[in-house]
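**Q** Attaching a single structure in structure tokens format; questions to follow.
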Amino acid sequence: MASSPAEYVTHHLEHWASGKDEAFISTTAWHIDTLVVSLVLGIFFLTLFRMAAVRATSGVPGKLQNFVEILVDFVDGAVRDAFHGPRGFLAPLALTIFVWTFLWNCMDLIPVDLLPLTAKHLFGLEYFRVVPSADMSATFALSLTVFALIIVYSFKGKGAIGFAKEYLTHPFGKWMMPANVILNTVELLAKPMSLALRLFGNLYAGELIFILIALLPWWAQFIPGMGWAIFHILVVTLQAFIFMTLTIVYISMAYEHH
């Protein structure tokens with residue numbers, strides 16, 4: 001049990017890790033809690049959609065089929081409006097990113113002490129953070145995957161020569177090649193940075209506010225906790241939607257000629 005508010009906050013921001021985090025961004029420790037929660041949520045997502053697919057009927061659809069069809073149509077429409085190439089891979093990718101990120105974010109709505117105390121009593125774990133999107137290693141892993149796909153779709157849509165020509169000559173022309181390279185490099189690197197930091201910053205702040213509310217006396221937690229939870233539902237959904245939309249837009253920009 002934490003002996004002071006500072007220790008309580010610090011304790012809740014520590015990861016169950018394979019080693020000691022030597023800095024805010026560590027390259028030597030695996031955050032096992034983030035991996036476990038992400039895996040469980042991924043399995044839940046796949047199982048839910050698998051159930052909907054198996055039970056799908058051409059007759060009167062059930063509630064689960066209705067929900068999945070609405071979600072699929074919504075994401076497919078977003079991809080169709082922004083991306084004019086083949087959607088066979090990008091639409092399922094966008095759906096996966098939206099649902100998985102949304103589930104990541106929803107973990108922030110679970111009471112602060114519930115899962116950490118459960119993990120401690122059942123498995124003897126001292127630290128257990130449950131919000132993967134409040135872990136920079138998770139948001140950067142997802143954004144770097146998108147970054148790799150941006151490069152792949154750049155070559156796929158323009159070819160190696162077309163990509164090199166655009167990278168070296170856009171937007172100022174061939175006589176300003178050094179400026180073009182600097183500008184395009186900054187623009188390219190800013191995309192995964194913006195994806196990762198936006199998601200991380202919003203959910204880290206939300207997690208921290210819930211932790212601070214948990215420091216209040218029990219009788220004073222309900223009103224601020226409920227108010228913040230209701231507002232946070234919007235943040236949870238909006239951040240998943242923004243990550244998905246920017247992924248589609250970035251890949252579309254990479255695929256098309258300029």
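Ordering of the structure tokens sets the chain letters (A, B, ...), residue numbers begin anew at 1 in every chain, and ligands are numbered from 1 in the order given.
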Pick out the residues sitting within 10 Å of range 11-18 of chain A, and hand them over as an MDAnalysis selection string; count only C-alpha atoms, and ignore anything fewer than 2 positions along from it in its own chain.
**A** chainID A and resid 1:2 5:9 20:21 28:35 112:113 116 125:130 134:135 204 207:208 211
**Q** Please determine, counting only C-alpha atoms, which residue among A:Pro224, A:Gly19, A:Pro92, A:Pro192 has the shortest atom-to-atom distance to Leu71 in chain A.
**A**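 Selected residue with least distance to Leu71 in chain A: A:Pro92.
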**Q** Kindly assemble as a tab-separated table a list of the range 181-244 of chain A residues that lie within 9 Å of range 143-154 of chain A, each paired with its nearest atom pair and their distance in Å to one decimal, using only C-alpha atoms, sorted first by chain and then by ascending residue number.
**A**
residue	atom	partner	partner_atom	distance
A:Leu188	CA	A:Phe147	CA	8.3
A:Leu189	CA	A:Phe147	CA	8.3
A:Lys191	CA	A:Phe147	CA	7.4
A:Pro192	CA	A:Ser143	CA	4.9
A:Met193	CA	A:Ser143	CA	7.4
A:Ser194	CA	A:Ser143	CA	8.6
A:Leu195	CA	A:Ser143	CA	5.9
A:Ala196	CA	A:Ser143	CA	5.6
A:Phe243	CA	A:Ser143	CA	8.9
**Q** Please save N, CA, C and O atoms of the selected residues as a PDB file, in the first residue's frame.
**A**
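Produced file again.pdb, reproduced below:
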ATOM      1  N   LEU A 188       7.901  13.024 -43.644  1.00  0.00           N
ATOM      2  CA  LEU A 188       7.758  11.579 -43.525  1.00  0.00           C
ATOM      3  C   LEU A 188       7.886  11.127 -42.076  1.00  0.00           C
ATOM      4  O   LEU A 188       7.087  10.318 -41.582  1.00  0.00           O
ATOM      5  N   LEU A 189       8.878  11.657 -41.365  1.00  0.00           N
ATOM      6  CA  LEU A 189       9.097  11.251 -39.978  1.00  0.00           C
ATOM      7  C   LEU A 189       8.031  11.815 -39.040  1.00  0.00           C
ATOM      8  O   LEU A 189       7.750  11.232 -37.975  1.00  0.00           O
ATOM      9  N   LYS A 191       4.901  11.885 -39.531  1.00  0.00           N
ATOM     10  CA  LYS A 191       3.669  11.106 -39.572  1.00  0.00           C
ATOM     11  C   LYS A 191       3.602  10.054 -38.456  1.00  0.00           C
ATOM     12  O   LYS A 191       2.627  10.046 -37.693  1.00  0.00           O
ATOM     13  N   PRO A 192       4.589   9.168 -38.313  1.00  0.00           N
ATOM     14  CA  PRO A 192       4.496   8.229 -37.186  1.00  0.00           C
ATOM     15  C   PRO A 192       4.617   8.919 -35.834  1.00  0.00           C
ATOM     16  O   PRO A 192       4.003   8.476 -34.856  1.00  0.00           O
ATOM     17  N   MET A 193       5.399   9.997 -35.774  1.00  0.00           N
ATOM     18  CA  MET A 193       5.525  10.731 -34.514  1.00  0.00           C
ATOM     19  C   MET A 193       4.176  11.304 -34.094  1.00  0.00           C
ATOM     20  O   MET A 193       3.777  11.193 -32.917  1.00  0.00           O
ATOM     21  N   SER A 194       3.463  11.912 -35.030  1.00  0.00           N
ATOM     22  CA  SER A 194       2.174  12.520 -34.693  1.00  0.00           C
ATOM     23  C   SER A 194       1.147  11.461 -34.294  1.00  0.00           C
ATOM     24  O   SER A 194       0.373  11.660 -33.352  1.00  0.00           O
ATOM     25  N   LEU A 195       1.141  10.334 -35.000  1.00  0.00           N
ATOM     26  CA  LEU A 195       0.221   9.251 -34.657  1.00  0.00           C
ATOM     27  C   LEU A 195       0.471   8.747 -33.240  1.00  0.00           C
ATOM     28  O   LEU A 195      -0.465   8.619 -32.432  1.00  0.00           O
ATOM     29  N   ALA A 196       1.723   8.450 -32.928  1.00  0.00           N
ATOM     30  CA  ALA A 196       2.055   7.861 -31.639  1.00  0.00           C
ATOM     31  C   ALA A 196       1.846   8.844 -30.489  1.00  0.00           C
ATOM     32  O   ALA A 196       1.254   8.504 -29.455  1.00  0.00           O
ATOM     33  N   PHE A 243      -6.815   8.045 -35.192  1.00  0.00           N
ATOM     34  CA  PHE A 243      -5.685   7.180 -35.576  1.00  0.00           C
ATOM     35  C   PHE A 243      -6.011   6.434 -36.860  1.00  0.00           C
ATOM     36  O   PHE A 243      -5.191   6.359 -37.782  1.00  0.00           O
TER      37      PHE A 243
END
**Q** Which one is closest to Ala119 in chain A: A:Val36, A:His257, A:Asn202, A:Ile248? Count only C-alpha atoms.
**A** A:Val36
**Q** Give me every helix (DSSP H, G or I) residue in range 2-242 of chain A, going by DSSP on the backbone, as a ChimeraX atom specification.
**A** /A:5-12,32-54,63-82,90-109,114-123,132-134,136-169,174-214,218-220,222-242
**Q** Using only C-alpha atoms, find the one residue out of A:Phe98, A:Phe140, A:Phe163, A:Phe67 that sits nearest to Ala254 in chain A.
**A**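 The shortest atom-to-atom distance to Ala254 in chain A comes from A:Phe163.
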**Q** So which one's closest to Val37 in chain A, A:Ile223, A:Val186, A:Val236, A:Leu115? Using only C-alpha atoms, please.
**A**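 Under the stated criterion, the closest residue is A:Leu115.
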**Q** Hey, which of A:Ile213, A:Leu95, A:Ala56, A:Leu103 ends up closest to Val40 in chain A? Count only C-alpha atoms.
**A**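 Once distances to Val40 in chain A are computed over only C-alpha atoms, the minimum belongs to A:Leu103.
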